[in-house]
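Quick look at model_7.txt (compact mmCIF, C-alpha atoms):
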```txt
# COMPACT_ATOMS: atom_id res chain seq x y z
CA ARG A 376 126.68 304.69 37.78
CA LYS A 377 124.14 306.14 35.34
CA GLU A 378 122.00 303.63 33.47
CA VAL A 379 122.99 305.11 30.11
CA GLU A 380 126.09 307.25 29.60
CA GLN A 381 127.01 309.26 26.55
CA ASP A 382 129.78 311.62 25.58
CA PRO A 383 127.90 314.93 25.45
CA GLY A 384 130.17 316.28 22.72
CA PRO A 385 129.74 318.56 20.92
CA PHE A 386 131.10 316.93 17.82
CA ASN A 387 131.72 319.67 15.27
CA VAL A 388 132.29 318.21 11.82
CA PRO A 389 132.36 319.57 8.27
CA GLU A 390 129.77 318.52 5.74
CA GLY A 391 130.64 315.22 4.16
CA ALA A 392 132.63 313.98 7.14
CA THR A 393 132.03 310.79 9.07
CA VAL A 394 131.23 311.07 12.75
CA ALA A 395 130.84 308.24 15.24
CA PHE A 396 130.08 308.04 18.93
CA ASN A 397 129.19 305.46 21.54
CA CYS A 398 127.08 305.05 24.57
CA THR A 399 127.42 302.59 27.42
CA TYR A 400 124.65 300.99 29.45
CA SER A 401 124.82 299.46 32.89
CA ASN A 402 122.09 296.80 32.90
CA SER A 403 123.29 293.61 31.27
CA ALA A 404 119.67 292.37 31.10
CA SER A 405 118.66 295.13 28.66
CA GLN A 406 117.16 293.77 25.48
CA SER A 407 116.08 296.74 23.37
CA PHE A 408 118.32 299.49 22.10
CA PHE A 409 117.53 302.60 20.12
CA TRP A 410 118.95 305.83 18.85
CA TYR A 411 116.61 308.81 19.01
CA ARG A 412 117.24 312.21 17.54
CA GLN A 413 116.19 315.44 19.25
CA ASP A 414 116.36 318.80 17.53
CA CYS A 415 116.61 321.96 19.59
CA ARG A 416 113.36 322.62 21.46
CA LYS A 417 111.63 319.69 19.76
CA GLU A 418 110.51 316.25 20.82
CA PRO A 419 112.70 313.14 20.51
CA LYS A 420 112.08 311.05 17.39
CA LEU A 421 113.18 307.52 16.73
CA LEU A 422 116.17 307.41 14.39
CA MET A 423 116.71 303.67 14.42
CA SER A 424 116.46 300.55 16.50
CA VAL A 425 119.70 298.71 17.13
CA TYR A 426 119.80 294.99 16.44
CA SER A 427 122.27 292.42 17.69
CA SER A 428 123.81 291.95 14.28
CA GLY A 429 124.16 295.67 13.69
CA ASN A 430 122.08 297.53 11.17
CA GLU A 431 122.29 300.26 8.61
CA ASP A 432 119.75 302.81 7.47
CA GLY A 433 121.08 304.92 4.63
CA ARG A 434 124.00 306.94 5.97
CA PHE A 435 123.46 305.73 9.54
CA THR A 436 124.98 302.58 10.98
CA ALA A 437 124.30 301.27 14.47
CA GLN A 438 126.24 298.56 16.27
CA LEU A 439 125.61 296.71 19.51
CA ASN A 440 128.35 295.17 21.63
CA ARG A 441 126.68 293.16 24.40
CA ALA A 442 129.95 291.91 25.91
CA SER A 443 131.17 295.45 26.54
CA GLN A 444 127.66 296.85 26.95
CA TYR A 445 127.85 299.67 24.46
CA ILE A 446 126.10 300.75 21.31
CA SER A 447 127.46 303.00 18.64
CA LEU A 448 126.15 305.26 15.92
CA LEU A 449 128.08 306.21 12.82
CA ILE A 450 126.95 308.89 10.40
CA ARG A 451 128.55 308.92 6.97
CA ASP A 452 128.61 311.83 4.53
CA SER A 453 127.25 314.25 7.16
CA LYS A 454 124.64 316.76 6.07
CA LEU A 455 123.81 320.10 7.69
CA SER A 456 120.44 318.61 8.58
CA ASP A 457 122.15 315.95 10.72
CA SER A 458 122.90 318.64 13.33
CA ALA A 459 120.98 317.51 16.40
CA THR A 460 121.31 315.78 19.74
CA TYR A 461 121.40 312.00 19.49
CA LEU A 462 119.90 310.14 22.43
CA CYS A 463 120.95 306.62 23.29
CA VAL A 464 117.99 304.67 24.66
CA VAL A 465 117.96 301.30 26.39
CA ASN A 466 115.12 299.41 28.01
CA LYS A 467 115.43 298.78 31.72
CA GLY A 468 116.25 295.13 31.95
CA SER A 469 113.40 292.93 30.80
CA ASN A 470 110.77 295.62 31.32
CA ASP A 471 109.73 296.55 27.83
CA TYR A 472 107.86 299.63 28.97
CA LYS A 473 110.68 301.37 30.80
CA LEU A 474 113.22 303.12 28.66
CA SER A 475 116.34 304.79 30.00
CA PHE A 476 117.55 307.77 28.01
CA GLY A 477 121.07 309.06 27.86
CA ALA A 478 121.61 312.80 28.11
CA GLY A 479 122.52 312.93 24.44
CA THR A 480 125.48 313.58 22.15
CA THR A 481 125.35 316.88 20.31
CA VAL A 482 126.48 316.87 16.69
CA THR A 483 126.96 320.08 14.72
CA VAL A 484 127.65 319.81 11.00
CA ARG A 485 129.15 322.94 9.49
CA ALA A 486 129.19 324.05 5.87
CA ASP B 1086 97.06 314.28 11.44
CA THR B 1087 99.03 314.90 14.64
CA ALA B 1088 99.92 311.55 16.22
CA VAL B 1089 100.56 312.66 19.81
CA SER B 1090 99.32 316.08 20.83
CA GLN B 1091 99.73 318.00 24.06
CA THR B 1092 98.16 321.14 25.43
CA PRO B 1093 99.22 323.67 26.34
CA LYS B 1094 102.56 324.07 24.59
CA TYR B 1095 103.72 326.70 27.08
CA LEU B 1096 102.65 327.17 30.66
CA VAL B 1097 103.87 329.98 32.89
CA THR B 1098 102.50 330.04 36.40
CA GLN B 1099 103.20 331.08 39.97
CA MET B 1100 104.51 328.85 42.73
CA GLY B 1101 101.75 327.18 44.66
CA ASN B 1102 99.28 327.04 41.77
CA ASP B 1103 97.66 323.86 40.42
CA LYS B 1104 97.86 323.14 36.70
CA SER B 1105 97.02 320.38 34.24
CA ILE B 1106 98.58 319.22 30.98
CA LYS B 1107 96.57 317.16 28.52
CA CYS B 1108 97.77 314.54 26.08
CA GLU B 1109 95.99 312.67 23.32
CA GLN B 1110 97.21 310.10 20.81
CA ASN B 1111 95.44 308.92 17.67
CA LEU B 1112 97.79 306.03 16.90
CA GLY B 1113 95.65 303.39 18.57
CA HIS B 1114 98.46 302.57 20.99
CA ASP B 1115 97.78 300.83 24.29
CA THR B 1116 100.49 302.53 26.32
CA MET B 1117 101.09 306.17 27.18
CA TYR B 1118 103.83 307.87 29.18
CA TRP B 1119 104.80 311.10 30.85
CA TYR B 1120 108.43 312.18 30.82
CA LYS B 1121 110.20 315.16 32.37
CA GLN B 1122 113.19 316.74 30.64
CA ASP B 1123 115.07 319.10 32.88
CA SER B 1124 117.63 321.78 32.07
CA LYS B 1125 120.39 319.15 31.90
CA LYS B 1126 118.42 317.46 29.11
CA PHE B 1127 117.91 314.14 30.89
CA LEU B 1128 114.61 312.61 29.88
CA LYS B 1129 113.13 310.77 32.86
CA ILE B 1130 110.08 308.55 32.91
CA MET B 1131 107.46 309.64 35.41
CA PHE B 1132 104.39 307.52 34.72
CA SER B 1133 103.05 305.02 32.26
CA TYR B 1134 99.56 303.67 31.64
CA ASN B 1135 98.65 300.60 29.67
CA ASN B 1136 94.99 300.37 28.71
CA LYS B 1137 94.13 302.89 31.42
CA GLU B 1138 96.02 300.96 34.11
CA LEU B 1139 99.03 302.50 35.86
CA ILE B 1140 102.08 300.33 35.14
CA ILE B 1141 104.98 302.63 35.90
CA ASN B 1142 105.15 305.09 38.75
CA GLU B 1143 108.67 306.30 39.28
CA THR B 1144 109.76 308.25 42.31
CA VAL B 1145 107.65 311.31 41.67
CA PRO B 1146 106.20 313.63 44.35
CA ASN B 1147 102.55 312.87 44.99
CA ARG B 1148 101.76 316.44 43.92
CA PHE B 1149 101.84 314.88 40.43
CA SER B 1150 98.77 312.84 39.58
CA PRO B 1151 98.20 311.26 36.19
CA LYS B 1152 94.75 310.36 34.92
CA SER B 1153 93.84 308.21 31.96
CA PRO B 1154 90.12 308.43 31.11
CA ASP B 1155 90.67 306.13 28.11
CA LYS B 1156 93.66 304.63 26.36
CA ALA B 1157 93.92 307.55 23.95
CA HIS B 1158 94.30 310.15 26.69
CA LEU B 1159 96.71 310.66 29.54
CA ASN B 1160 96.55 313.88 31.52
CA LEU B 1161 98.91 315.15 34.19
CA HIS B 1162 97.75 317.29 37.09
CA ILE B 1163 100.27 319.05 39.29
CA ASN B 1164 99.35 320.52 42.65
CA SER B 1165 101.22 323.20 44.57
CA LEU B 1166 103.75 323.90 41.85
CA GLU B 1167 107.35 324.46 42.92
CA LEU B 1168 110.26 326.17 41.20
CA GLY B 1169 111.92 322.78 40.64
CA ASP B 1170 108.96 321.65 38.56
CA SER B 1171 110.08 323.94 35.75
CA ALA B 1172 110.96 321.66 32.84
CA VAL B 1173 109.66 320.36 29.55
CA TYR B 1174 107.07 317.61 30.00
CA PHE B 1175 106.71 315.15 27.14
CA CYS B 1176 103.86 312.76 26.59
CA ALA B 1177 104.55 309.64 24.54
CA SER B 1178 102.74 306.55 23.35
CA SER B 1179 103.77 303.12 22.14
CA GLN B 1180 102.49 299.70 21.23
CA VAL B 1181 104.73 297.08 22.78
CA GLY B 1182 104.93 294.28 20.24
CA LEU B 1183 105.27 290.56 20.58
CA GLN B 1184 109.02 290.92 20.13
CA GLY B 1185 109.07 293.46 22.94
CA SER B 1186 110.00 296.36 20.70
CA ASN B 1187 108.86 299.64 22.16
CA GLU B 1188 109.17 302.51 19.70
CA GLN B 1189 107.78 305.51 21.52
CA PHE B 1190 106.20 308.45 19.73
CA PHE B 1191 106.50 311.76 21.54
CA GLY B 1192 104.25 314.77 21.69
CA PRO B 1193 105.71 318.25 21.07
CA GLY B 1194 106.23 318.89 24.78
CA THR B 1195 104.84 321.37 27.31
CA ARG B 1196 107.36 323.91 28.54
CA LEU B 1197 106.41 324.65 32.15
CA THR B 1198 107.91 327.66 33.89
CA VAL B 1199 107.18 328.20 37.56
CA LEU B 1200 107.87 331.70 38.84
```
Let me see whether you can do it: turn the structure in this file into structure tokens.
Amino acid sequence: RKEVEQDPGPFNVPEGATVAFNCTYSNSASQSFFWYRQDCRKEPKLLMSVYSSGNEDGRFTAQLNRASQYISLLIRDSKLSDSATYLCVVNKGSNDYKLSFGAGTTVTVRA
Amino acid sequence: DTAVSQTPKYLVTQMGNDKSIKCEQNLGHDTMYWYKQDSKKFLKIMFSYNNKELIINETVPNRFSPKSPDKAHLNLHINSLELGDSAVYFCASSQVGLQGSNEQFFGPGTRLTVL
């Protein structure tokens, strides 16, 4: 089983729509969770950390479900500029230095 | 102004050659990393150094040798390049905090093509 699994998509949505997707992780000892964004042929950039209580940053909402070992990302009022690949990232157990990256979920927002 | 920089951005070379990629960060972070992103887009950790000490060494062929002359620099030397080494190599840095958070900042990547 992969350490981090994501639906690769693509999710094709119109501007203004809401899109949501999950990722699952295999190591129940993981403590740190993140969503990164990667544009085509660019480096990954941190979108947001995911906290136990869930957190929101503008149009982006992240949730963590430890019991079922998944995290989710919801994007409201999608913009064209939200088109990217979203990488689910989880630390490897208690090792803060080792991050496991999912292969990414591709989102395309159309006009 | 660039936080994490890598050179070169593109590298095209023949099988069997030896090449190096350089990375520098000006964020004052203690930890630096090398990742490989293959054609399937998986980003895999290769090495990590914390204050010039190797702390992560994943299953990587010993043709790959990282070197950290100081905590702001982490270079990657690859001997006897093979076709399967073709990928994008990303350098990253982070400062692991007291809470264990580990936001990593990535360089722009080096696209290596082995012919």
**OP:** With a cut-off of 7 Å and counting all atoms listed in the file, select all residues of chain B in contact with chain A and give the selection as a list in words.
**Re:** Lys1126, Phe1127, Leu1128, Gly1185, Ser1186, Asn1187, Phe1190, Phe1191, Gly1192, Pro1193 and Gly1194 of chain B
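Look at Val1145 in chain B: the protein and nucleic acid residues within 12 Å of it, using all atoms listed in the file and passing over chain neighbours fewer than 5 places away, are Trp1119, Tyr1120, Lys1121, Lys1129, Ile1130, Met1131, Phe1132, Ser1150, Pro1151, Ile1163 and Asp1170 of chain B.
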Could you turn the residues from that selection into a file that holds C-alpha atoms, as a PDB file, in the coordinates of the input?
```
ATOM      1  CA  TRP B1119     104.800 311.100  30.850  1.00  0.00           C
ATOM      2  CA  TYR B1120     108.430 312.180  30.820  1.00  0.00           C
ATOM      3  CA  LYS B1121     110.200 315.160  32.370  1.00  0.00           C
ATOM      4  CA  LYS B1129     113.130 310.770  32.860  1.00  0.00           C
ATOM      5  CA  ILE B1130     110.080 308.550  32.910  1.00  0.00           C
ATOM      6  CA  MET B1131     107.460 309.640  35.410  1.00  0.00           C
ATOM      7  CA  PHE B1132     104.390 307.520  34.720  1.00  0.00           C
ATOM      8  CA  SER B1150      98.770 312.840  39.580  1.00  0.00           C
ATOM      9  CA  PRO B1151      98.200 311.260  36.190  1.00  0.00           C
ATOM     10  CA  ILE B1163     100.270 319.050  39.290  1.00  0.00           C
ATOM     11  CA  ASP B1170     108.960 321.650  38.560  1.00  0.00           C
TER      12      ASP B1170
END
```
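Every residue within 6 Å of the file position (128.5, 302.6, 19.8), judged by all atoms listed in the file, is given as Phe396, Asn397, Cys398, Gln438, Tyr445, Ile446, Ser447 and Leu448 of chain A.
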Original post:
Which of these, B:Thr1092, B:Asn1164, B:Ser1171, B:Ser1179, has the shortest distance to Asn1136 in chain B once you count all atoms listed in the file?
Top reply: B:Ser1179
Subject >> Length of the CA of Leu1112 in chain B to CA of Ala1088 in chain B vector [Å] >> reply: 6.0 Å
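Across the model, the gap from CA of Ala1157 in chain B to CA of Leu1139 in chain B is 13.9 Å.
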Starting from the point (116.9, 318.3, 17.1), work out which residues of protein, DNA or RNA have an atom no more than 6 Å away when counting all atoms listed in the file; state them as a PDB file with C-alpha atoms, in the frame of the given file.
```
ATOM      1  CA  GLN A 413     116.190 315.440  19.250  1.00  0.00           C
ATOM      2  CA  ASP A 414     116.360 318.800  17.530  1.00  0.00           C
ATOM      3  CA  CYS A 415     116.610 321.960  19.590  1.00  0.00           C
ATOM      4  CA  ALA A 459     120.980 317.510  16.400  1.00  0.00           C
ATOM      5  CA  THR A 460     121.310 315.780  19.740  1.00  0.00           C
TER       6      THR A 460
END
```
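Minimum atom-to-atom distance to Tyr1095 in chain B, evaluated using only C-alpha atoms, belongs to B:Ala1172 out of B:Leu1166, B:Ala1172, B:Leu1159, B:Ile1141.
In this model, the gap between CA of Lys1137 in chain B and CA of Lys1152 in chain B comes to 8.3 Å.
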**OP:** Compile the contact shell of Cys1108 in chain B as number ranges by chain: residues with an atom at most 7 Å away, counting only C-alpha atoms, same-chain residues fewer than 6 positions apart removed.
**Re:** B: 1090-1092, 1158-1160, 1176
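Taking all atoms listed in the file into account, Leu1200 in chain B lies nearest to B:Thr1098 out of the set B:Ser1105, B:Asn1111, B:Thr1098, B:Ser1165.
Minimum atom-to-atom distance to Asn1135 in chain B, evaluated using all atoms listed in the file, belongs to B:Gln1180 out of B:Thr1195, B:Thr1087, B:Gln1180, B:Gln1099.
Nearest residue to Pro1093 in chain B, choosing from B:Phe1175, B:Glu1138, B:Glu1188, B:Val1199 and counting all atoms listed in the file: B:Phe1175.
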**OP:** Pick out the residues sitting within 8 Å of range 377-394 of chain A, and hand them over as a PyMOL selection string; count all atoms listed in the file, and ignore anything fewer than 6 positions along from it in its own chain.
**Re:** chain A and resi 400-402+449-455+463-465+475-486
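Between Thr436 in chain A and the candidates A:Leu422, A:Arg412, A:Arg376, A:Asp457, the tightest atom-to-atom separation, counting all atoms listed in the file, involves A:Leu422.
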Subject >> Residue contacts of Ser1178 in chain B (6 Å, all atoms listed in the file) excluding same-chain residues fewer than 3 positions away, as a PyMOL selection string >> reply: chain B and resi 1116-1117+1189-1190
Atoms to include: C-alpha atoms. Write the selected residues as a PDB file, in the coordinates of the input.
```
ATOM      1  CA  THR B1116     100.490 302.530  26.320  1.00  0.00           C
ATOM      2  CA  MET B1117     101.090 306.170  27.180  1.00  0.00           C
ATOM      3  CA  GLN B1189     107.780 305.510  21.520  1.00  0.00           C
ATOM      4  CA  PHE B1190     106.200 308.450  19.730  1.00  0.00           C
TER       5      PHE B1190
END
```
